[in-house]
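Inspection log for the structure reproduced underneath, given as structure tokens.
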Protein chains: 2
Amino acid sequence: MVLDQVYAAIADPTRRAILGVLAGGEVKVGTLADRFPISFNGVSKHVKVLERAGLVTRRVRGREHWLRLKPARLRAAARWLEHYREFWDTRLEALEALLTRRP
Amino acid sequence: MVLDQVYAAIADPTRRAILGVLAGGEVKVGTLADRFPISFNGVSKHVKVLERAGLVTRRVRGREHWLRLKPARLRAAARWLEHYREFWDTRLEALEALLTRRP
DNA sequence: AGTATATTCTACCACTTGGTTGAATATTGA
DNA sequence: TCAATATTCAACCAAGTGGTAGAATATACT
């Protein structure tokens with residue numbers, strides 16, 4: 001399933017932070033690596049995970065790899081959660097109120 | 001971080017399905033177990049993960065453990081994604097249009 | 001041509017995870 | 001009291017993960 005990879009990808013705080021940096025625009029892998037307290041290779045691996053999840057694209061320009069955010073999948077992930085949120089806001093909160101009224 | 005556990009929890013399709021069942025109302029662990037093609041203990045472990053992530057609460061009634069959805073954390077998770085979605089919808093899609101206009 | 005730069009690939013490690021099975025605990029009912 | 005029921009706990013296993021280090025690859029610069 002697509003959502004599996006997306007949620008697994010954003011479950012890691014480093015990867016969420018990478019997405020945060022990428023939200024500011026295109027960035028090289030090395031530039032990312034400078035910003036994080038792990039090894040270059042570690043960052044490279046995280047980027048690959050984000051790529052496999054479809055959250056990031058890579059544009060190889062000579063020896064530099066430029067990374068860009070790809071919002072489509074994250075939108076899908078947001079939509080899944082949103083579906084639940086709406087459901088709960090209406091139905092479940094009322095149910096909760098009912099259930100906790102008399103213990 | 002709280003989000004780590006929430007996203008890791010919903011990255012597993014079985015656990016997302018469990019949340020789906022729980023959206024229909026309170027359910028016993030055993031009832032859940034009947035609905036999934038894994039062992040009782042497997043389901044019990046998944047429930048524990050959801051509990052640790054703060055997505056589910058347990059009400060022990062005699063020997064039965066009744067599970068209930070706890071939407072707060074999922075709302076927080078949705079909010080984080082939503083923040084990104086809004087950002088991208090406005091700023092990044094325009095950026096993407098700009099960047100892909102002239103290759 | 002040779003060196004520096006940017007990056008991946010491979011291999012390794014400790015830890016976690018999703019799954020199992022079997023034993024333990026607690027409650028219910030005869 | 002004893003057996004059945006509902007569940008967790010503990011141990012184990014194979015596979016995956018986040019991290020590292022070192023070698024390999026490809027590009028750029030002098």
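Following the order of the structure tokens, chains are lettered A, B, ..., residues in each are numbered from 1, and ligands are numbered from 1.
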Legend entry - Selection near DT5 (chain D), 9 Å with only C-alpha atoms (C1' of nucleotides), sequence-local residues under 3 positions removed, as a list in words: Arg63 of chain B; DT27 and DT28 of chain C
Find the residues near region 41-54 of chain B: any atom within 6 Å, counting only C-alpha atoms (C1' of nucleotides), skip ones fewer than 5 places away on the same chain, and give them as a PDB file with N, CA and C atoms, in the first residue's frame.
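New file selection_30.pdb:
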```pdb
ATOM      1  N   GLN B   5       5.416   8.291  17.123  1.00  0.00           N
ATOM      2  CA  GLN B   5       4.656   7.087  17.482  1.00  0.00           C
ATOM      3  C   GLN B   5       3.345   7.001  16.710  1.00  0.00           C
ATOM      4  N   VAL B   6       2.701   8.141  16.519  1.00  0.00           N
ATOM      5  CA  VAL B   6       1.421   8.124  15.807  1.00  0.00           C
ATOM      6  C   VAL B   6       1.627   7.679  14.365  1.00  0.00           C
ATOM      7  N   ALA B  33      -9.674  -9.786  17.063  1.00  0.00           N
ATOM      8  CA  ALA B  33      -8.847 -10.919  16.628  1.00  0.00           C
ATOM      9  C   ALA B  33      -9.587 -11.796  15.628  1.00  0.00           C
TER      10      ALA B  33
END
```
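Here CA of Tyr84 (chain A) and CA of Arg79 (chain B) stand 12.2 Å from one another.
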Return the neighbours of chain A among the residues of chain B, cut-off 6 Å, counting only C-alpha atoms, as an mmCIF file with N, CA and C atoms, in the first residue's frame.
```cif
data_model
loop_
_atom_site.group_PDB
_atom_site.id
_atom_site.type_symbol
_atom_site.label_atom_id
_atom_site.label_comp_id
_atom_site.auth_asym_id
_atom_site.auth_seq_id
_atom_site.Cartn_x
_atom_site.Cartn_y
_atom_site.Cartn_z
ATOM 1 N N ASP B 4 6.043 10.853 16.087
ATOM 2 C CA ASP B 4 6.781 9.655 15.694
ATOM 3 C C ASP B 4 5.927 8.419 15.916
ATOM 4 N N TYR B 7 2.568 8.295 13.677
ATOM 5 C CA TYR B 7 2.786 7.931 12.267
ATOM 6 C C TYR B 7 3.295 6.509 12.142
ATOM 7 N N ALA B 8 4.173 6.100 13.058
ATOM 8 C CA ALA B 8 4.658 4.713 13.010
ATOM 9 C C ALA B 8 3.482 3.758 13.215
ATOM 10 N N ALA B 11 1.333 3.491 10.126
ATOM 11 C CA ALA B 11 2.062 3.027 8.933
ATOM 12 C C ALA B 11 1.752 1.563 8.648
ATOM 13 N N ALA B 78 -3.051 14.825 11.832
ATOM 14 C CA ALA B 78 -3.696 15.393 10.659
ATOM 15 C C ALA B 78 -3.310 16.862 10.517
ATOM 16 N N LEU B 81 0.165 17.342 8.901
ATOM 17 C CA LEU B 81 0.104 17.144 7.457
ATOM 18 C C LEU B 81 -0.647 18.289 6.781
#
```
Fit chain B to chain A: least squares, all C-alpha atoms, paired in order; write the output as a PDB file with C-alpha atoms, in the first residue's frame.
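Below you can see result-v4.pdb, which holds the result:
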```
ATOM      1  CA  MET B   1      -0.030   0.051   0.050  1.00  0.00           C
ATOM      2  CA  VAL B   2       1.101   3.559  -0.724  1.00  0.00           C
ATOM      3  CA  LEU B   3       0.121   4.999   2.645  1.00  0.00           C
ATOM      4  CA  ASP B   4       2.306   2.461   4.442  1.00  0.00           C
ATOM      5  CA  GLN B   5       5.445   3.945   2.942  1.00  0.00           C
ATOM      6  CA  VAL B   6       4.341   7.541   3.378  1.00  0.00           C
ATOM      7  CA  TYR B   7       3.483   7.196   7.062  1.00  0.00           C
ATOM      8  CA  ALA B   8       6.581   5.107   7.736  1.00  0.00           C
ATOM      9  CA  ALA B   9       8.642   7.804   6.023  1.00  0.00           C
ATOM     10  CA  ILE B  10       7.258  10.680   8.068  1.00  0.00           C
ATOM     11  CA  ALA B  11       7.416   8.677  11.309  1.00  0.00           C
ATOM     12  CA  ASP B  12      11.118   9.518  11.512  1.00  0.00           C
ATOM     13  CA  PRO B  13      11.862  12.991  12.933  1.00  0.00           C
ATOM     14  CA  THR B  14      14.988  13.454  10.796  1.00  0.00           C
ATOM     15  CA  ARG B  15      12.968  12.787   7.674  1.00  0.00           C
ATOM     16  CA  ARG B  16      10.233  15.181   8.762  1.00  0.00           C
ATOM     17  CA  ALA B  17      12.952  17.779   9.290  1.00  0.00           C
ATOM     18  CA  ILE B  18      14.326  17.070   5.807  1.00  0.00           C
ATOM     19  CA  LEU B  19      10.862  17.696   4.397  1.00  0.00           C
ATOM     20  CA  GLY B  20      10.840  20.916   6.365  1.00  0.00           C
ATOM     21  CA  VAL B  21      14.070  22.046   4.730  1.00  0.00           C
ATOM     22  CA  LEU B  22      12.826  21.004   1.310  1.00  0.00           C
ATOM     23  CA  ALA B  23       9.697  23.064   1.825  1.00  0.00           C
ATOM     24  CA  GLY B  24      12.008  26.056   1.469  1.00  0.00           C
ATOM     25  CA  GLY B  25      12.989  25.038  -2.048  1.00  0.00           C
ATOM     26  CA  GLU B  26      15.334  22.755  -3.954  1.00  0.00           C
ATOM     27  CA  VAL B  27      18.383  21.579  -2.035  1.00  0.00           C
ATOM     28  CA  LYS B  28      21.418  19.361  -2.719  1.00  0.00           C
ATOM     29  CA  VAL B  29      22.007  16.199  -0.708  1.00  0.00           C
ATOM     30  CA  GLY B  30      25.230  17.663   0.649  1.00  0.00           C
ATOM     31  CA  THR B  31      23.540  20.851   1.796  1.00  0.00           C
ATOM     32  CA  LEU B  32      21.061  18.721   3.679  1.00  0.00           C
ATOM     33  CA  ALA B  33      23.884  16.681   5.190  1.00  0.00           C
ATOM     34  CA  ASP B  34      25.506  19.836   6.563  1.00  0.00           C
ATOM     35  CA  ARG B  35      22.319  20.682   8.428  1.00  0.00           C
ATOM     36  CA  PHE B  36      21.943  17.374  10.295  1.00  0.00           C
ATOM     37  CA  PRO B  37      24.062  15.825  13.030  1.00  0.00           C
ATOM     38  CA  ILE B  38      24.398  12.489  11.237  1.00  0.00           C
ATOM     39  CA  SER B  39      26.757  11.334   8.515  1.00  0.00           C
ATOM     40  CA  PHE B  40      26.408  12.233   4.847  1.00  0.00           C
ATOM     41  CA  ASN B  41      25.565   8.636   4.080  1.00  0.00           C
ATOM     42  CA  GLY B  42      22.929   8.617   6.783  1.00  0.00           C
ATOM     43  CA  VAL B  43      21.221  11.579   5.148  1.00  0.00           C
ATOM     44  CA  SER B  44      21.576   9.935   1.737  1.00  0.00           C
ATOM     45  CA  LYS B  45      19.727   6.900   3.062  1.00  0.00           C
ATOM     46  CA  HIS B  46      16.946   9.018   4.538  1.00  0.00           C
ATOM     47  CA  VAL B  47      16.547  10.776   1.211  1.00  0.00           C
ATOM     48  CA  LYS B  48      16.242   7.436  -0.510  1.00  0.00           C
ATOM     49  CA  VAL B  49      13.448   6.450   1.863  1.00  0.00           C
ATOM     50  CA  LEU B  50      11.600   9.685   1.120  1.00  0.00           C
ATOM     51  CA  GLU B  51      12.111   9.070  -2.581  1.00  0.00           C
ATOM     52  CA  ARG B  52      10.765   5.526  -2.414  1.00  0.00           C
ATOM     53  CA  ALA B  53       7.736   6.870  -0.551  1.00  0.00           C
ATOM     54  CA  GLY B  54       7.172   9.281  -3.436  1.00  0.00           C
ATOM     55  CA  LEU B  55       7.606  12.392  -1.293  1.00  0.00           C
ATOM     56  CA  VAL B  56      10.764  13.687  -2.958  1.00  0.00           C
ATOM     57  CA  THR B  57      12.155  13.765  -6.475  1.00  0.00           C
ATOM     58  CA  ARG B  58      15.754  13.926  -7.542  1.00  0.00           C
ATOM     59  CA  ARG B  59      17.196  15.909 -10.437  1.00  0.00           C
ATOM     60  CA  VAL B  60      20.778  14.900 -11.211  1.00  0.00           C
ATOM     61  CA  ARG B  61      22.707  17.891 -12.494  1.00  0.00           C
ATOM     62  CA  GLY B  62      26.260  16.738 -13.123  1.00  0.00           C
ATOM     63  CA  ARG B  63      27.642  15.400  -9.880  1.00  0.00           C
ATOM     64  CA  GLU B  64      25.069  17.228  -7.815  1.00  0.00           C
ATOM     65  CA  HIS B  65      21.733  15.698  -6.913  1.00  0.00           C
ATOM     66  CA  TRP B  66      19.038  18.304  -6.342  1.00  0.00           C
ATOM     67  CA  LEU B  67      16.035  17.300  -4.301  1.00  0.00           C
ATOM     68  CA  ARG B  68      12.555  18.667  -4.559  1.00  0.00           C
ATOM     69  CA  LEU B  69       9.380  18.115  -2.555  1.00  0.00           C
ATOM     70  CA  LYS B  70       6.597  16.176  -4.277  1.00  0.00           C
ATOM     71  CA  PRO B  71       3.432  16.999  -2.352  1.00  0.00           C
ATOM     72  CA  ALA B  72       0.944  14.611  -4.012  1.00  0.00           C
ATOM     73  CA  ARG B  73       1.483  11.641  -1.721  1.00  0.00           C
ATOM     74  CA  LEU B  74       1.477  13.778   1.395  1.00  0.00           C
ATOM     75  CA  ARG B  75      -1.817  15.191   0.290  1.00  0.00           C
ATOM     76  CA  ALA B  76      -3.169  11.646   0.029  1.00  0.00           C
ATOM     77  CA  ALA B  77      -1.880  10.890   3.516  1.00  0.00           C
ATOM     78  CA  ALA B  78      -3.457  14.066   4.843  1.00  0.00           C
ATOM     79  CA  ARG B  79      -6.715  13.135   3.182  1.00  0.00           C
ATOM     80  CA  TRP B  80      -6.832   9.738   4.909  1.00  0.00           C
ATOM     81  CA  LEU B  81      -6.340  11.339   8.309  1.00  0.00           C
ATOM     82  CA  GLU B  82      -8.725  14.121   7.458  1.00  0.00           C
ATOM     83  CA  HIS B  83     -11.418  11.587   6.671  1.00  0.00           C
ATOM     84  CA  TYR B  84     -11.049  10.144  10.170  1.00  0.00           C
ATOM     85  CA  ARG B  85     -10.878  13.535  11.793  1.00  0.00           C
ATOM     86  CA  GLU B  86     -14.166  14.640  10.279  1.00  0.00           C
ATOM     87  CA  PHE B  87     -15.811  11.374  11.213  1.00  0.00           C
ATOM     88  CA  TRP B  88     -14.705  11.673  14.808  1.00  0.00           C
ATOM     89  CA  ASP B  89     -15.437  15.333  15.182  1.00  0.00           C
ATOM     90  CA  THR B  90     -19.063  14.698  14.371  1.00  0.00           C
ATOM     91  CA  ARG B  91     -19.988  11.185  15.391  1.00  0.00           C
ATOM     92  CA  LEU B  92     -17.442  10.030  17.918  1.00  0.00           C
ATOM     93  CA  GLU B  93     -17.249  13.016  20.175  1.00  0.00           C
ATOM     94  CA  ALA B  94     -20.984  12.756  20.680  1.00  0.00           C
ATOM     95  CA  LEU B  95     -20.546   9.050  21.396  1.00  0.00           C
ATOM     96  CA  GLU B  96     -17.814   9.830  23.876  1.00  0.00           C
ATOM     97  CA  ALA B  97     -20.052  12.311  25.661  1.00  0.00           C
ATOM     98  CA  LEU B  98     -22.754   9.665  25.888  1.00  0.00           C
ATOM     99  CA  LEU B  99     -20.427   6.956  27.137  1.00  0.00           C
ATOM    100  CA  THR B 100     -18.760   9.043  29.809  1.00  0.00           C
ATOM    101  CA  ARG B 101     -21.962  10.577  31.123  1.00  0.00           C
ATOM    102  CA  ARG B 102     -22.905   7.569  33.261  1.00  0.00           C
ATOM    103  CA  PRO B 103     -19.911   5.440  34.343  1.00  0.00           C
TER     104      PRO B 103
END
```
Legend entry - Exercise: DG29 (chain C) partners within 12 Å, only C-alpha atoms (C1' of nucleotides), chain neighbours under 5 positions left out, as a ChimeraX atom specification: /D:1-5
